[in-house]
Structure formats: structure tokens, C-alpha cells
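Everything below belongs to protein_37.pdb, which stores PDB, C-alpha atoms.
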MODEL        1
ATOM      1  CA  PRO A 651       5.009   5.761   2.487
ATOM      2  CA  GLU A 652       2.518   8.639   2.438
ATOM      3  CA  ALA A 653      -0.437   6.464   3.477
ATOM      4  CA  PHE A 654       1.654   4.696   6.111
ATOM      5  CA  CYS A 655       2.722   7.970   7.728
ATOM      6  CA  GLU A 656      -0.809   9.363   7.662
ATOM      7  CA  THR A 657      -2.131   6.205   9.347
ATOM      8  CA  ALA A 658       0.691   6.275  11.909
ATOM      9  CA  SER A 659      -0.005   9.958  12.656
ATOM     10  CA  ALA A 660      -3.639   9.179  13.397
ATOM     11  CA  LYS A 661      -2.648   6.367  15.776
ATOM     12  CA  LEU A 662       0.280   7.961  17.606
ATOM     13  CA  HIS A 663      -1.632   7.921  20.883
ATOM     14  CA  ALA A 664      -1.921   4.122  20.704
ATOM     15  CA  PHE A 665       1.792   3.413  20.279
ATOM     16  CA  LYS A 666       3.821   2.362  23.299
ATOM     17  CA  SER A 667       6.953   4.450  23.850
ATOM     18  CA  GLN A 668       9.291   1.749  22.551
ATOM     19  CA  GLU A 669       7.135   1.224  19.470
ATOM     20  CA  LEU A 670       7.100   4.935  18.748
ATOM     21  CA  SER A 671      10.857   5.323  19.165
ATOM     22  CA  MET A 672      11.492   2.320  16.906
ATOM     23  CA  LEU A 673       9.035   3.648  14.321
ATOM     24  CA  LEU A 674      10.839   6.979  14.204
ATOM     25  CA  TYR A 675      14.223   5.244  14.166
ATOM     26  CA  SER A 676      13.067   3.129  11.208
ATOM     27  CA  CYS A 677      11.887   6.237   9.367
ATOM     28  CA  GLY A 678      15.305   7.787   9.934
ATOM     29  CA  VAL A 679      17.300   4.782   8.754
ATOM     30  CA  LEU A 680      15.040   4.409   5.694
ATOM     31  CA  ARG A 681      15.200   8.192   5.087
ATOM     32  CA  LEU A 682      11.406   8.280   5.100
ATOM     33  CA  ARG A 683      10.645  11.921   5.861
ATOM     34  CA  HIS A 684       7.011  12.885   6.210
ATOM     35  CA  ASP A 685       6.893  16.320   7.815
ATOM     36  CA  ALA A 686       3.307  16.127   9.069
ATOM     37  CA  PHE A 687       3.979  12.807  10.796
ATOM     38  CA  LEU A 688       7.258  14.034  12.310
ATOM     39  CA  GLU A 689       5.620  17.262  13.463
ATOM     40  CA  GLU A 690       2.799  15.336  15.127
ATOM     41  CA  ALA A 691       5.193  12.886  16.798
ATOM     42  CA  CYS A 692       7.472  15.669  18.077
ATOM     43  CA  SER A 693       4.470  17.544  19.436
ATOM     44  CA  ARG A 694       3.094  14.517  21.309
ATOM     45  CA  ILE A 695       6.213  12.848  22.690
ATOM     46  CA  PRO A 696       7.093  15.516  25.295
ATOM     47  CA  GLN A 697       3.760  14.848  27.054
ATOM     48  CA  ARG A 698       4.864  11.217  27.478
ATOM     49  CA  PHE A 699       8.579  11.809  27.872
ATOM     50  CA  VAL A 700       8.886   9.949  31.180
ATOM     51  CA  GLU A 701       7.722   6.752  29.437
ATOM     52  CA  PHE A 702      10.739   6.685  27.113
ATOM     53  CA  SER A 703      13.978   4.880  27.900
ATOM     54  CA  GLU A 704      17.282   6.619  27.325
ATOM     55  CA  GLN A 705      17.765   4.407  24.278
ATOM     56  CA  GLY A 706      14.337   5.432  22.981
ATOM     57  CA  VAL A 707      15.243   9.110  23.333
ATOM     58  CA  ALA A 708      18.604   8.526  21.631
ATOM     59  CA  ASN A 709      16.910   6.645  18.767
ATOM     60  CA  ILE A 710      14.433   9.474  18.197
ATOM     61  CA  VAL A 711      17.067  12.225  18.182
ATOM     62  CA  TYR A 712      19.324  10.159  15.932
ATOM     63  CA  ALA A 713      16.422   9.571  13.515
ATOM     64  CA  LEU A 714      15.508  13.259  13.447
ATOM     65  CA  GLY A 715      19.153  14.031  12.721
ATOM     66  CA  LEU A 716      19.262  11.568   9.839
ATOM     67  CA  LEU A 717      16.082  13.143   8.466
ATOM     68  CA  ARG A 718      17.374  16.686   9.097
ATOM     69  CA  PHE A 719      14.105  17.461  10.875
ATOM     70  CA  ALA A 720      14.820  20.094  13.548
ATOM     71  CA  HIS A 721      11.695  20.498  15.679
ATOM     72  CA  ARG A 722      13.048  23.159  18.025
ATOM     73  CA  PRO A 723      10.571  22.822  20.939
ATOM     74  CA  PHE A 724      11.070  19.054  20.985
ATOM     75  CA  LEU A 725      14.859  19.347  20.779
ATOM     76  CA  SER A 726      14.878  21.896  23.608
ATOM     77  CA  THR A 727      12.922  19.451  25.778
ATOM     78  CA  VAL A 728      15.326  16.661  24.870
ATOM     79  CA  CYS A 729      18.368  18.795  25.705
ATOM     80  CA  CYS A 730      16.934  19.728  29.087
ATOM     81  CA  HIS A 731      16.178  16.073  29.877
ATOM     82  CA  PHE A 732      19.500  14.891  28.468
ATOM     83  CA  ALA A 733      21.541  17.431  30.455
ATOM     84  CA  ASP A 734      19.741  16.490  33.677
ATOM     85  CA  SER A 735      20.052  12.736  33.230
ATOM     86  CA  LEU A 736      23.380  12.048  31.495
ATOM     87  CA  HIS A 737      24.283   9.654  34.301
ATOM     88  CA  GLU A 738      21.365   7.424  33.216
ATOM     89  CA  PHE A 739      22.435   7.285  29.569
ATOM     90  CA  SER A 740      24.674   4.539  28.214
ATOM     91  CA  ALA A 741      27.788   5.516  26.286
ATOM     92  CA  GLN A 742      25.958   4.668  23.068
ATOM     93  CA  GLY A 743      22.903   6.688  24.143
ATOM     94  CA  ILE A 744      25.057   9.743  24.831
ATOM     95  CA  SER A 745      26.933   9.267  21.579
ATOM     96  CA  ASN A 746      23.814   8.804  19.414
ATOM     97  CA  THR A 747      21.934  11.679  21.037
ATOM     98  CA  ALA A 748      24.888  14.043  20.665
ATOM     99  CA  TYR A 749      25.428  12.905  17.073
ATOM    100  CA  GLY A 750      21.757  13.456  16.180
ATOM    101  CA  LEU A 751      21.834  16.937  17.704
ATOM    102  CA  GLY A 752      25.053  17.607  15.787
ATOM    103  CA  LEU A 753      23.448  16.557  12.495
ATOM    104  CA  LEU A 754      20.739  19.121  13.226
ATOM    105  CA  ASN A 755      23.239  21.787  14.325
ATOM    106  CA  PHE A 756      21.103  22.164  17.428
ATOM    107  CA  ARG A 757      23.280  23.645  20.142
ATOM    108  CA  ASP A 758      22.198  23.958  23.737
ATOM    109  CA  GLY A 759      24.804  25.681  25.922
ATOM    110  CA  CYS A 760      23.722  23.942  29.104
ATOM    111  CA  LEU A 761      23.910  20.550  27.425
ATOM    112  CA  VAL A 762      27.387  21.224  26.028
ATOM    113  CA  ARG A 763      28.669  22.215  29.491
ATOM    114  CA  GLU A 764      27.093  19.158  31.128
ATOM    115  CA  LEU A 765      28.457  16.884  28.430
ATOM    116  CA  CYS A 766      31.962  18.262  28.963
ATOM    117  CA  ARG A 767      31.630  17.853  32.735
ATOM    118  CA  HIS A 768      30.244  14.343  32.429
ATOM    119  CA  LEU A 769      32.721  12.793  29.998
ATOM    120  CA  PRO A 770      35.786  12.570  32.269
ATOM    121  CA  SER A 771      34.076  10.366  34.831
ATOM    122  CA  ARG A 772      32.945   7.873  32.183
ATOM    123  CA  CYS A 773      35.747   8.033  29.658
ATOM    124  CA  ALA A 774      36.548   4.321  29.984
ATOM    125  CA  GLU A 775      33.023   3.395  28.810
ATOM    126  CA  PHE A 776      33.317   5.151  25.449
ATOM    127  CA  SER A 777      34.553   3.383  22.343
ATOM    128  CA  ALA A 778      36.515   5.266  19.722
ATOM    129  CA  GLN A 779      33.331   5.515  17.609
ATOM    130  CA  HIS A 780      31.402   7.016  20.532
ATOM    131  CA  LEU A 781      34.139   9.618  20.982
ATOM    132  CA  VAL A 782      34.164  10.442  17.280
ATOM    133  CA  ASN A 783      30.370  10.906  17.316
ATOM    134  CA  ILE A 784      30.639  13.262  20.289
ATOM    135  CA  ALA A 785      33.510  15.135  18.641
ATOM    136  CA  PHE A 786      31.404  15.562  15.498
ATOM    137  CA  ALA A 787      28.580  16.997  17.607
ATOM    138  CA  LEU A 788      30.872  19.399  19.449
ATOM    139  CA  CYS A 789      32.291  20.592  16.114
ATOM    140  CA  ALA A 790      28.768  21.061  14.753
ATOM    141  CA  PHE A 791      27.844  22.995  17.899
ATOM    142  CA  GLY A 792      30.707  25.391  17.104
ATOM    143  CA  PHE A 793      32.719  24.346  20.146
ATOM    144  CA  ARG A 794      35.784  26.571  20.069
ATOM    145  CA  GLN A 795      38.067  25.858  23.025
ATOM    146  CA  PRO A 796      39.175  22.739  24.819
ATOM    147  CA  HIS A 797      37.196  23.039  28.026
ATOM    148  CA  ALA A 798      38.967  22.272  31.311
ATOM    149  CA  HIS A 799      36.699  19.264  31.747
ATOM    150  CA  LEU A 800      37.771  17.889  28.393
ATOM    151  CA  ARG A 801      41.390  18.237  29.443
ATOM    152  CA  SER A 802      40.361  16.134  32.437
ATOM    153  CA  SER A 803      38.987  13.574  29.976
ATOM    154  CA  ALA A 804      42.419  13.403  28.407
ATOM    155  CA  ARG A 805      44.025  12.748  31.799
ATOM    156  CA  ALA A 806      41.407  10.091  32.575
ATOM    157  CA  ALA A 807      41.972   8.457  29.190
ATOM    158  CA  ARG A 808      45.716   8.233  29.811
ATOM    159  CA  ARG A 809      44.931   6.224  32.921
ATOM    160  CA  ILE A 810      42.994   3.668  30.852
ATOM    161  CA  GLY A 811      45.677   3.287  28.213
ATOM    162  CA  GLN A 812      44.408   5.639  25.534
ATOM    163  CA  ARG A 813      46.659   8.531  24.575
ATOM    164  CA  PHE A 814      45.118  11.970  24.201
ATOM    165  CA  TYR A 815      46.912  15.162  23.334
ATOM    166  CA  LEU A 816      46.049  18.700  22.320
ATOM    167  CA  GLY A 817      46.242  19.038  18.588
ATOM    168  CA  GLU A 818      45.708  21.475  15.782
ATOM    169  CA  PRO A 819      42.220  22.307  14.490
ATOM    170  CA  ARG A 820      40.699  19.439  12.522
ATOM    171  CA  CYS A 821      37.064  20.522  12.155
ATOM    172  CA  GLY A 822      37.278  23.613  10.012
ATOM    173  CA  TRP A 823      37.108  26.069  12.909
ATOM    174  CA  GLY A 824      39.792  27.783  14.942
ATOM    175  CA  GLY A 825      40.836  26.549  18.342
ATOM    176  CA  ALA A 826      42.568  23.454  19.556
ATOM    177  CA  VAL A 827      40.869  20.128  19.887
ATOM    178  CA  VAL A 828      41.778  17.016  21.798
ATOM    179  CA  ILE A 829      42.886  14.104  19.664
ATOM    180  CA  ALA A 830      42.600  10.511  20.846
ATOM    181  CA  GLN A 831      44.915   7.823  19.653
ATOM    182  CA  VAL A 832      43.392   4.409  20.211
ATOM    183  CA  HIS A 833      44.994   1.230  18.839
ATOM    184  CA  GLU A 834      46.983   2.937  16.072
ATOM    185  CA  ASN A 835      43.972   5.019  14.968
ATOM    186  CA  THR A 836      43.707   8.727  15.636
ATOM    187  CA  PHE A 837      40.337  10.229  16.440
ATOM    188  CA  ILE A 838      39.113  13.729  17.197
ATOM    189  CA  VAL A 839      37.426  13.807  20.580
ATOM    190  CA  ALA A 840      37.146  17.584  20.970
TER     191      ALA A 840
ENDMDL
END
I need this file expressed as C-alpha cells, please.
Amino acid sequence: PEAFCETASAKLHAFKSQELSMLLYSCGVLRLRHDAFLEEACSRIPQRFVEFSEQGVANIVYALGLLRFAHRPFLSTVCCHFADSLHEFSAQGISNTAYGLGLLNFRDGCLVRELCRHLPSRCAEFSAQHLVNIAFALCAFGFRQPHAHLRSSARAARRIGQRFYLGEPRCGWGGAVVIAQVHENTFIVA
């Protein structure tokens, strides 16, 4: 693994965006953490950010989360891009990006607000697993209160046949959360 990562670091400029995102995703899934390689990748990607698909961005953040590698300048760039382009992200892309940021405990206030504003209009697109991933991220971000926009998500969800209600704390912090009940299963959706 050491030699592989050193070779990959030296050739980062030659990788296409999809290749680079899949390489980092593979490192994450395999738990192959090589700090010098990750540092180099996180330093170079922002210069080419426009080349990456939303799925590529989600894969990279998810991988960094799995590896617990919090490169703050890179994550700040991702959060800025993510907050500005949530409408371009698939439900899975939003879920995986939020989950990766949650694993890293990387909170960006602007992103949290945009995420809460964005969810109600797309609630029908999210599976229970997507909602759980987002709830995990919001808990990790220290989200304390059910935001008015999240209450709107609950109203929107009722219209599509899912039942949401305000519940007691479930994440180890004070403050109510929104609970989703989907097909006999109960999920936190914060």
C-alpha cells in the first residue's frame, strides 16, 4: 500500500476526475489511509473542482470520512460548493456527502442551513437510509433544535405517505428531533 500511494501521489495530475474520486473512494472502503497521499489529493482537487461530478465529490467526502481524514481547507471548499449546488446533487449524493462530513465532525453553519432549507422540497426523493445518514450528520454537527424548514420536511413527508413527528432526543444531545416512520421502521431524520 505504501508504494502504491507514493506512486499515485506522484501521478495525481494525470488522473481524470472520475478516476481520482474512485481511487479515493477505494482507499476509504479498504481503509487504506496514507496521510501524504490524502494531503496531496486534498490540496490538488480544489484547483480542478469544476471537473468533478456531484457523485465524485460525494465519493471523496465519504472516503475521507471513512478514513477520518479531516483536511479543513478542502472540506471548507466542499461545503461552499455543496451549499451552493444542492439542487444538482442526487439524494444519494447529498446523503453520502453529509454522512462523510458527519463522520469528520466537520460542521459548516451555512451548509447546515442550506441543507435544512433544501430538504423539504425534495423529501420524496430520499429513502429511509438517506434520511438516517443526514440525521447522523446533523447529530454529529451538534444540531440542537428542529429548524422550521425541517418541520416543513415533516409536513411534506406526510403528503407522500411517510409519518413524521417531533420526538424525544435520540442522539445524546438535548433538543427535540424529528422522527420518521417508514414502513413499520422508525428513523431519526433530525
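Interatomic distance, atom CA of Leu754 of chain A to atom CA of Ser771 of chain A: 26.9 Å.
Remark: for Thr657 of chain A, the closest of the candidate residues A:Tyr675, A:Phe687, A:Phe786, A:Phe776 is A:Phe687 (distances computed over only C-alpha atoms).
With all atoms listed in the file as the basis for measurement, A:Gly706 is the residue among A:Gly759, A:Pro651, A:Pro696, A:Gly706 that approaches Ile744 of chain A most closely.
A straight line drawn from atom CA of Glu689 of chain A to atom CA of His721 of chain A is 7.2 Å long.
Evaluated against the shown file, the PyMOL selection byres ((chain A and resi 738) around 12) gives Ser703, Glu704, Gln705, Val707, Ala708, His731, Phe732, Ala733, Asp734, Ser735, Leu736, His737, Phe739, Ser740, Ala741, Gln742, Gly743, Ile744, His768 and Arg772 of chain A.
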Kindly write segment 707-752 of chain A with N, CA and C atoms to a file, as a short mmCIF file (atom, residue, chain, number, x, y, z; two decimals), in the first residue's frame.
data_model
loop_
_atom_site.label_atom_id
_atom_site.label_comp_id
_atom_site.auth_asym_id
_atom_site.auth_seq_id
_atom_site.Cartn_x
_atom_site.Cartn_y
_atom_site.Cartn_z
N VAL A 707 -17.67 14.14 -5.95
CA VAL A 707 -17.48 14.92 -4.72
C VAL A 707 -17.99 14.12 -3.52
N ALA A 708 -19.18 13.54 -3.66
CA ALA A 708 -19.75 12.74 -2.56
C ALA A 708 -18.85 11.56 -2.22
N ASN A 709 -18.31 10.89 -3.25
CA ASN A 709 -17.42 9.75 -3.01
C ASN A 709 -16.16 10.16 -2.25
N ILE A 710 -15.61 11.31 -2.61
CA ILE A 710 -14.38 11.78 -1.94
C ILE A 710 -14.65 12.11 -0.48
N VAL A 711 -15.72 12.85 -0.22
CA VAL A 711 -16.03 13.23 1.17
C VAL A 711 -16.35 11.99 1.99
N TYR A 712 -17.11 11.08 1.42
CA TYR A 712 -17.43 9.83 2.11
C TYR A 712 -16.15 9.06 2.44
N ALA A 713 -15.24 8.96 1.49
CA ALA A 713 -13.97 8.26 1.71
C ALA A 713 -13.15 8.93 2.81
N LEU A 714 -13.06 10.25 2.77
CA LEU A 714 -12.32 10.97 3.81
C LEU A 714 -12.95 10.72 5.18
N GLY A 715 -14.28 10.66 5.21
CA GLY A 715 -14.97 10.36 6.46
C GLY A 715 -14.63 8.97 6.97
N LEU A 716 -14.66 7.99 6.08
CA LEU A 716 -14.32 6.63 6.48
C LEU A 716 -12.89 6.54 7.01
N LEU A 717 -12.01 7.34 6.42
CA LEU A 717 -10.60 7.35 6.82
C LEU A 717 -10.31 8.29 7.99
N ARG A 718 -11.33 9.04 8.40
CA ARG A 718 -11.20 10.04 9.47
C ARG A 718 -10.06 11.02 9.15
N PHE A 719 -10.03 11.45 7.90
CA PHE A 719 -9.00 12.39 7.45
C PHE A 719 -9.67 13.74 7.18
N ALA A 720 -9.56 14.65 8.13
CA ALA A 720 -10.23 15.96 8.05
C ALA A 720 -9.26 17.02 7.55
N HIS A 721 -9.22 17.21 6.25
CA HIS A 721 -8.40 18.26 5.64
C HIS A 721 -9.27 19.51 5.59
N ARG A 722 -9.12 20.38 6.56
CA ARG A 722 -10.03 21.51 6.75
C ARG A 722 -10.18 22.43 5.54
N PRO A 723 -9.09 22.86 4.88
CA PRO A 723 -9.28 23.72 3.70
C PRO A 723 -10.09 23.04 2.60
N PHE A 724 -9.83 21.75 2.38
CA PHE A 724 -10.58 21.02 1.36
C PHE A 724 -12.05 20.92 1.76
N LEU A 725 -12.31 20.56 3.01
CA LEU A 725 -13.69 20.41 3.47
C LEU A 725 -14.45 21.73 3.42
N SER A 726 -13.77 22.83 3.71
CA SER A 726 -14.41 24.15 3.59
C SER A 726 -14.81 24.44 2.15
N THR A 727 -13.94 24.10 1.22
CA THR A 727 -14.25 24.28 -0.21
C THR A 727 -15.43 23.41 -0.60
N VAL A 728 -15.44 22.17 -0.14
CA VAL A 728 -16.54 21.27 -0.45
C VAL A 728 -17.85 21.82 0.10
N CYS A 729 -17.84 22.28 1.34
CA CYS A 729 -19.07 22.80 1.96
C CYS A 729 -19.60 24.01 1.20
N CYS A 730 -18.73 24.87 0.77
CA CYS A 730 -19.14 26.05 0.00
C CYS A 730 -19.79 25.60 -1.32
N HIS A 731 -19.14 24.68 -2.02
CA HIS A 731 -19.67 24.16 -3.28
C HIS A 731 -20.98 23.42 -3.04
N PHE A 732 -21.00 22.59 -2.03
CA PHE A 732 -22.17 21.77 -1.71
C PHE A 732 -23.37 22.65 -1.38
N ALA A 733 -23.16 23.66 -0.55
CA ALA A 733 -24.26 24.56 -0.16
C ALA A 733 -24.81 25.31 -1.36
N ASP A 734 -23.94 25.69 -2.29
CA ASP A 734 -24.37 26.44 -3.47
C ASP A 734 -25.01 25.58 -4.55
N SER A 735 -24.80 24.28 -4.50
CA SER A 735 -25.28 23.44 -5.60
C SER A 735 -26.07 22.22 -5.14
N LEU A 736 -26.74 22.31 -4.00
CA LEU A 736 -27.53 21.18 -3.52
C LEU A 736 -28.55 20.71 -4.54
N HIS A 737 -29.10 21.64 -5.30
CA HIS A 737 -30.11 21.27 -6.30
C HIS A 737 -29.55 20.35 -7.39
N GLU A 738 -28.24 20.33 -7.56
CA GLU A 738 -27.60 19.47 -8.57
C GLU A 738 -27.27 18.09 -8.03
N PHE A 739 -27.30 17.93 -6.71
CA PHE A 739 -26.91 16.67 -6.09
C PHE A 739 -28.10 15.72 -6.05
N SER A 740 -27.84 14.45 -6.28
CA SER A 740 -28.86 13.41 -6.12
C SER A 740 -29.10 13.22 -4.62
N ALA A 741 -30.17 12.52 -4.31
CA ALA A 741 -30.46 12.22 -2.90
C ALA A 741 -29.29 11.45 -2.28
N GLN A 742 -28.75 10.50 -3.03
CA GLN A 742 -27.62 9.73 -2.51
C GLN A 742 -26.38 10.61 -2.36
N GLY A 743 -26.15 11.52 -3.30
CA GLY A 743 -25.01 12.43 -3.20
C GLY A 743 -25.09 13.32 -1.98
N ILE A 744 -26.29 13.83 -1.71
CA ILE A 744 -26.49 14.66 -0.51
C ILE A 744 -26.27 13.82 0.74
N SER A 745 -26.86 12.64 0.74
CA SER A 745 -26.75 11.75 1.90
C SER A 745 -25.30 11.36 2.18
N ASN A 746 -24.58 10.93 1.15
CA ASN A 746 -23.19 10.49 1.34
C ASN A 746 -22.26 11.63 1.73
N THR A 747 -22.48 12.80 1.12
CA THR A 747 -21.65 13.96 1.48
C THR A 747 -21.90 14.37 2.92
N ALA A 748 -23.17 14.47 3.29
CA ALA A 748 -23.50 14.84 4.68
C ALA A 748 -22.95 13.80 5.65
N TYR A 749 -23.09 12.53 5.32
CA TYR A 749 -22.60 11.46 6.20
C TYR A 749 -21.08 11.55 6.36
N GLY A 750 -20.36 11.74 5.27
CA GLY A 750 -18.90 11.88 5.34
C GLY A 750 -18.49 13.06 6.21
N LEU A 751 -19.17 14.19 6.03
CA LEU A 751 -18.87 15.37 6.87
C LEU A 751 -19.20 15.07 8.33
N GLY A 752 -20.28 14.32 8.56
CA GLY A 752 -20.64 13.94 9.93
C GLY A 752 -19.59 13.04 10.57
#
